[in-house]
file target.csv (CSV, C-alpha atoms)
chain,number,residue,atom,x,y,z
A,1,ASP,CA,0.0,0.0,0.0
A,2,THR,CA,1.7,3.2,-1.2
A,3,GLU,CA,-0.9,5.8,-0.9
A,4,VAL,CA,-2.5,8.3,1.5
A,5,THR,CA,-6.2,8.1,1.6
A,6,GLN,CA,-8.6,10.8,2.7
A,7,THR,CA,-12.3,10.7,3.6
A,8,PRO,CA,-14.7,12.1,2.7
A,9,LYS,CA,-13.8,13.4,-0.7
A,10,HIS,CA,-16.4,16.3,-0.4
A,11,LEU,CA,-18.0,17.8,2.7
A,12,VAL,CA,-20.6,20.5,3.0
A,13,MET,CA,-21.2,21.8,6.5
A,14,GLY,CA,-23.0,24.7,8.2
A,15,MET,CA,-21.2,27.1,10.6
A,16,THR,CA,-22.7,25.4,13.7
A,17,ASN,CA,-21.8,21.8,12.6
A,18,LYS,CA,-19.1,19.6,14.0
A,19,LYS,CA,-17.4,17.3,11.4
A,20,SER,CA,-14.1,15.4,11.1
A,21,LEU,CA,-11.7,14.8,8.2
A,22,LYS,CA,-9.8,11.5,8.2
A,23,CYS,CA,-6.5,10.6,6.7
A,24,GLU,CA,-4.8,7.2,6.6
A,25,GLN,CA,-1.5,5.8,5.4
A,26,HIS,CA,-0.2,2.2,5.7
A,27,MET,CA,3.4,2.9,4.6
A,28,GLY,CA,4.8,3.0,8.1
A,29,HIS,CA,5.5,6.7,7.8
A,30,ARG,CA,6.2,8.5,11.0
A,31,ALA,CA,5.2,12.1,10.2
A,32,MET,CA,1.8,13.3,9.0
A,33,TYR,CA,0.7,16.7,7.9
A,34,TRP,CA,-2.4,18.8,7.3
A,35,TYR,CA,-2.4,21.5,4.6
A,36,LYS,CA,-5.1,23.9,3.5
A,37,GLN,CA,-5.3,24.9,-0.1
A,38,LYS,CA,-7.5,27.7,-1.4
A,39,ALA,CA,-8.5,27.9,-5.0
A,40,LYS,CA,-5.6,28.9,-7.3
A,41,LYS,CA,-3.2,29.1,-4.3
A,42,PRO,CA,-0.4,26.9,-3.1
A,43,PRO,CA,-1.0,24.6,-0.1
A,44,GLU,CA,-0.3,26.1,3.3
A,45,LEU,CA,0.9,24.0,6.2
A,46,MET,CA,-1.5,23.8,9.2
A,47,PHE,CA,-0.1,21.0,11.5
A,48,VAL,CA,2.7,18.5,11.6
A,49,TYR,CA,2.7,15.3,13.7
A,50,SER,CA,6.0,13.5,14.2
A,51,TYR,CA,5.9,10.1,15.9
A,52,GLU,CA,2.3,10.8,16.9
A,53,LYS,CA,3.1,14.0,18.7
A,54,LEU,CA,2.2,17.5,17.5
A,55,SER,CA,5.4,19.1,16.4
A,56,ILE,CA,4.2,22.2,14.4
A,57,ASN,CA,1.1,24.2,14.7
A,58,GLU,CA,1.1,27.1,12.3
A,59,SER,CA,-1.1,29.3,14.6
A,60,VAL,CA,-4.2,27.7,13.2
A,61,PRO,CA,-7.5,28.9,14.8
A,62,SER,CA,-8.9,26.6,17.5
A,63,ARG,CA,-11.9,25.7,15.5
A,64,PHE,CA,-9.5,23.3,13.8
A,65,SER,CA,-8.4,20.5,16.1
A,66,PRO,CA,-6.0,17.8,14.9
A,67,GLU,CA,-5.7,14.4,16.4
A,68,CYS,CA,-3.3,11.5,15.7
A,69,PRO,CA,-4.7,8.4,17.4
A,70,ASN,CA,-2.0,6.1,16.0
A,71,SER,CA,0.9,6.2,13.5
A,72,SER,CA,-1.4,5.4,10.6
A,73,LEU,CA,-4.3,7.8,11.2
A,74,LEU,CA,-4.7,11.5,11.3
A,75,ASN,CA,-7.9,13.4,12.0
A,76,LEU,CA,-8.9,17.0,11.7
A,77,HIS,CA,-11.9,17.9,13.8
A,78,LEU,CA,-13.9,20.9,12.6
A,79,HIS,CA,-16.2,23.1,14.7
A,80,ALA,CA,-17.9,26.4,14.2
A,81,LEU,CA,-16.1,27.0,10.9
A,82,GLN,CA,-16.5,30.2,8.8
A,83,PRO,CA,-17.3,30.4,5.1
A,84,GLU,CA,-13.6,31.5,4.5
A,85,ASP,CA,-12.5,28.1,5.7
A,86,SER,CA,-13.9,26.6,2.5
A,87,ALA,CA,-10.9,25.0,0.8
A,88,LEU,CA,-9.2,21.7,-0.2
A,89,TYR,CA,-7.7,20.1,2.9
A,90,LEU,CA,-4.7,17.9,2.0
A,91,CYS,CA,-3.1,15.3,4.2
A,92,ALA,CA,0.5,14.2,3.6
A,93,SER,CA,2.9,11.7,5.2
A,94,SER,CA,6.7,11.3,5.2
A,95,PRO,CA,8.8,8.3,6.2
A,96,LEU,CA,11.2,9.5,8.9
A,97,GLY,CA,9.4,11.9,11.1
A,98,GLY,CA,9.5,15.2,9.4
A,99,PHE,CA,13.1,15.8,8.2
A,100,ASP,CA,13.6,18.5,5.6
A,101,GLN,CA,15.1,16.0,3.1
A,102,GLU,CA,12.0,13.8,3.1
A,103,THR,CA,9.5,13.5,0.3
A,104,GLN,CA,6.0,14.1,1.4
A,105,TYR,CA,3.3,11.9,0.0
A,106,PHE,CA,0.0,13.6,-0.5
A,107,GLY,CA,-3.6,12.3,-0.4
A,108,PRO,CA,-6.2,13.5,-2.9
A,109,GLY,CA,-7.7,15.9,-0.4
A,110,THR,CA,-11.1,16.7,1.0
A,111,ARG,CA,-13.0,19.6,-0.6
A,112,LEU,CA,-14.8,21.4,2.2
A,113,LEU,CA,-17.6,23.9,1.7
A,114,VAL,CA,-18.8,25.9,4.7
A,115,LEU,CA,-22.2,27.5,4.3
B,1,ALA,CA,13.6,33.3,5.8
B,2,GLN,CA,13.7,30.8,3.0
B,3,SER,CA,11.3,31.2,0.2
B,4,VAL,CA,10.7,30.3,-3.5
B,5,THR,CA,9.4,32.5,-6.3
B,6,GLN,CA,7.8,31.0,-9.4
B,7,LEU,CA,8.3,33.6,-12.1
B,8,ASP,CA,5.4,32.6,-14.4
B,9,SER,CA,1.9,32.1,-13.2
B,10,GLN,CA,0.8,30.6,-16.6
B,11,VAL,CA,2.7,28.9,-19.3
B,12,PRO,CA,0.9,27.9,-22.5
B,13,VAL,CA,2.7,25.6,-24.8
B,14,PHE,CA,2.0,23.4,-27.8
B,15,GLU,CA,2.2,19.6,-27.6
B,16,GLU,CA,5.7,18.2,-28.3
B,17,ALA,CA,7.3,21.6,-27.7
B,18,PRO,CA,9.9,22.0,-24.9
B,19,VAL,CA,9.0,23.8,-21.7
B,20,GLU,CA,10.8,25.5,-18.8
B,21,LEU,CA,9.1,26.4,-15.6
B,22,ARG,CA,11.1,28.9,-13.6
B,23,CYS,CA,11.8,28.9,-9.9
B,24,ASN,CA,14.1,31.1,-7.8
B,25,TYR,CA,14.9,30.5,-4.2
B,26,SER,CA,16.2,32.7,-1.4
B,27,SER,CA,18.4,31.2,1.2
B,28,SER,CA,21.7,31.8,2.8
B,29,VAL,CA,22.2,28.2,3.9
B,30,SER,CA,21.8,24.8,2.4
B,31,VAL,CA,18.5,24.2,0.7
B,32,TYR,CA,16.4,21.2,-0.2
B,33,LEU,CA,14.3,22.0,-3.2
B,34,PHE,CA,11.3,20.1,-4.6
B,35,TRP,CA,9.0,20.2,-7.6
B,36,TYR,CA,5.5,18.9,-7.1
B,37,VAL,CA,2.7,18.5,-9.7
B,38,GLN,CA,-1.0,18.8,-9.0
B,39,TYR,CA,-3.4,17.5,-11.7
B,40,PRO,CA,-7.0,18.9,-11.6
B,41,ASN,CA,-8.9,17.7,-8.5
B,42,GLN,CA,-6.0,15.7,-7.2
B,43,GLY,CA,-3.4,15.9,-4.5
B,44,LEU,CA,0.3,16.7,-5.1
B,45,GLN,CA,2.8,14.3,-6.5
B,46,LEU,CA,6.6,14.7,-6.3
B,47,LEU,CA,8.3,15.2,-9.7
B,48,LEU,CA,11.9,15.5,-8.4
B,49,LYS,CA,14.0,16.9,-5.6
B,50,TYR,CA,17.4,18.3,-5.0
B,51,LEU,CA,19.2,17.5,-1.8
B,52,SER,CA,22.9,17.6,-2.7
B,53,GLY,CA,25.4,16.4,-5.2
B,54,SER,CA,24.7,16.5,-8.9
B,55,THR,CA,23.1,19.7,-9.9
B,56,LEU,CA,21.1,18.0,-12.7
B,57,VAL,CA,18.2,16.1,-11.2
B,58,LYS,CA,16.0,13.8,-13.2
B,59,GLY,CA,12.5,13.1,-12.2
B,60,ILE,CA,9.4,11.2,-13.3
B,61,ASN,CA,7.5,11.7,-16.5
B,62,GLY,CA,10.6,12.9,-18.4
B,63,PHE,CA,11.1,16.1,-16.3
B,64,GLU,CA,14.4,17.3,-15.1
B,65,ALA,CA,15.7,20.3,-13.1
B,66,GLU,CA,19.0,22.1,-12.7
B,67,PHE,CA,20.1,23.5,-9.4
B,68,ASN,CA,22.1,26.7,-9.9
B,69,LYS,CA,23.6,28.1,-6.8
B,70,SER,CA,25.1,31.2,-8.3
B,71,GLN,CA,21.7,32.2,-9.8
B,72,THR,CA,19.7,30.7,-6.9
B,73,SER,CA,17.5,29.0,-9.4
B,74,PHE,CA,15.9,25.5,-9.8
B,75,HIS,CA,14.2,25.6,-13.1
B,76,LEU,CA,12.1,22.6,-14.3
B,77,ARG,CA,12.4,21.4,-17.9
B,78,LYS,CA,10.9,18.9,-20.2
B,79,PRO,CA,12.1,18.5,-23.8
B,80,SER,CA,8.7,17.5,-25.3
B,81,VAL,CA,5.4,17.9,-23.5
B,82,HIS,CA,2.2,16.0,-23.8
B,83,ILE,CA,-1.4,17.0,-23.3
B,84,SER,CA,-1.3,14.9,-20.1
B,85,ASP,CA,1.3,17.3,-18.6
B,86,THR,CA,-1.4,19.9,-18.3
B,87,ALA,CA,-1.4,20.7,-14.5
B,88,GLU,CA,-0.3,23.1,-11.8
B,89,TYR,CA,3.4,22.9,-10.9
B,90,PHE,CA,4.7,24.0,-7.5
B,91,CYS,CA,8.3,24.6,-6.6
B,92,ALA,CA,8.9,24.2,-2.8
B,93,VAL,CA,11.6,24.5,-0.2
B,94,THR,CA,11.8,23.0,3.3
B,95,VAL,CA,12.4,25.4,6.2
B,96,GLY,CA,12.9,23.2,9.2
B,97,GLY,CA,10.8,20.4,10.8
B,98,GLY,CA,9.7,19.2,7.4
B,99,LYS,CA,7.8,22.4,6.8
B,100,LEU,CA,7.3,22.9,3.1
B,101,ILE,CA,7.0,26.4,1.7
B,102,PHE,CA,5.5,26.4,-1.8
B,103,GLY,CA,5.8,29.0,-4.6
B,104,GLN,CA,2.6,30.4,-6.0
B,105,GLY,CA,2.4,27.8,-8.7
B,106,THR,CA,2.7,27.7,-12.5
B,107,GLU,CA,-0.2,26.6,-14.5
B,108,LEU,CA,1.1,24.6,-17.5
B,109,SER,CA,-1.4,24.4,-20.3
B,110,VAL,CA,-0.5,22.1,-23.2
B,111,LYS,CA,-2.5,22.6,-26.4
B,112,PRO,CA,-2.8,20.3,-29.4

call {"tool": "encode", "arguments": {"input": "target.csv", "output": "structure tokens"}}
result
Amino acid sequence: DTEVTQTPKHLVMGMTNKKSLKCEQHMGHRAMYWYKQKAKKPPELMFVYSYEKLSINESVPSRFSPECPNSSLLNLHLHALQPEDSALYLCASSPLGGFDQETQYFGPGTRLLVL
Amino acid sequence: AQSVTQLDSQVPVFEEAPVELRCNYSSSVSVYLFWYVQYPNQGLQLLLKYLSGSTLVKGINGFEAEFNKSQTSFHLRKPSVHISDTAEYFCAVTVGGGKLIFGQGTELSVKP
């Protein structure tokens, strides 16, 4: 298994809803990442988990709450989002725990629309 | 702070023509540079990366890039493009802790 999977592919939610995005990899990678990508823009890093511990939080609002229950799974819990949070949310993983030389392997993303 | 600048937001080219996508970086220390491709409605895929050593890096799908320290550039090239190369291309640099900083992207449009 050499891929990163993300569910759901699409999500529509209201501003009062609570939802979660899920990311899985079975490549034995030790670092996992969440990125946010607005239309026609590059991805922007949100969080990095290294060996299941949060290592980077790019000052993301608390309405986004990451969770890494085990080395294969990464969740992003969403609560009280704003319409400007509508974007493609990309998950990635890398083998060694987040070293700069590593290749990051990206999932296909979850396209989120907040109404 | 390390960053990358992609000099062209859009590059239209005819099929079978050569193409160069330009990327400049700013750094005073060693850099690790990457080119990723994003096909429509998909995630990103690594084309190639420069870590050290040979300045000419070969990647997947016939792409290559040359690391030029004196010009602080890492341009991506392909001698003959196909329709299937139509995509968004991102140059990126890591800045510590595996944090990737992307350029603004170049939209490559290959026309028949």

call {"tool": "interface_residues", "arguments": {"input": "target.csv", "of": "chain B", "to": "chain A", "cutoff": "12 Å", "atoms": "all atoms listed in the file", "output": "PyMOL selection string"}}
result
chain B and resi 4-6+9-10+30-52+87-107

call {"tool": "atom_distance", "arguments": {"input": "target.csv", "atom1": "atom CA of Asn57 of chain A", "atom2": "atom CA of Asp85 of chain A"}}
result
16.8 Å

call {"tool": "atom_distance", "arguments": {"input": "target.csv", "atom1": "atom CA of Leu21 of chain A", "atom2": "atom CA of Ser59 of chain A"}}
result
19.1 Å

call {"tool": "closest_residue", "arguments": {"input": "target.csv", "among": "A:Gln37, A:Pro8, A:Pro66, A:Arg30", "to": "Glu52 of chain A", "atoms": "all atoms listed in the file"}}
result
A:Arg30

call {"tool": "atom_distance", "arguments": {"input": "target.csv", "atom1": "atom CA of His82 of chain B", "atom2": "atom CA of Thr5 of chain A"}}
result
27.9 Å

call {"tool": "closest_residue", "arguments": {"input": "target.csv", "among": "B:Ser109, B:Glu16, B:Leu7, B:Leu21", "to": "Arg77 of chain B", "atoms": "all atoms listed in the file"}}
result
B:Leu21

call {"tool": "closest_residue", "arguments": {"input": "target.csv", "among": "A:Leu113, A:Ala87, A:Ala80, A:Val60", "to": "Thr16 of chain A", "atoms": "all atoms listed in the file"}}
result
A:Ala80

call {"tool": "closest_residue", "arguments": {"input": "target.csv", "among": "A:Ser72, A:Tyr49, A:Leu78, A:Glu84", "to": "Trp34 of chain A", "atoms": "all atoms listed in the file"}}
result
A:Tyr49
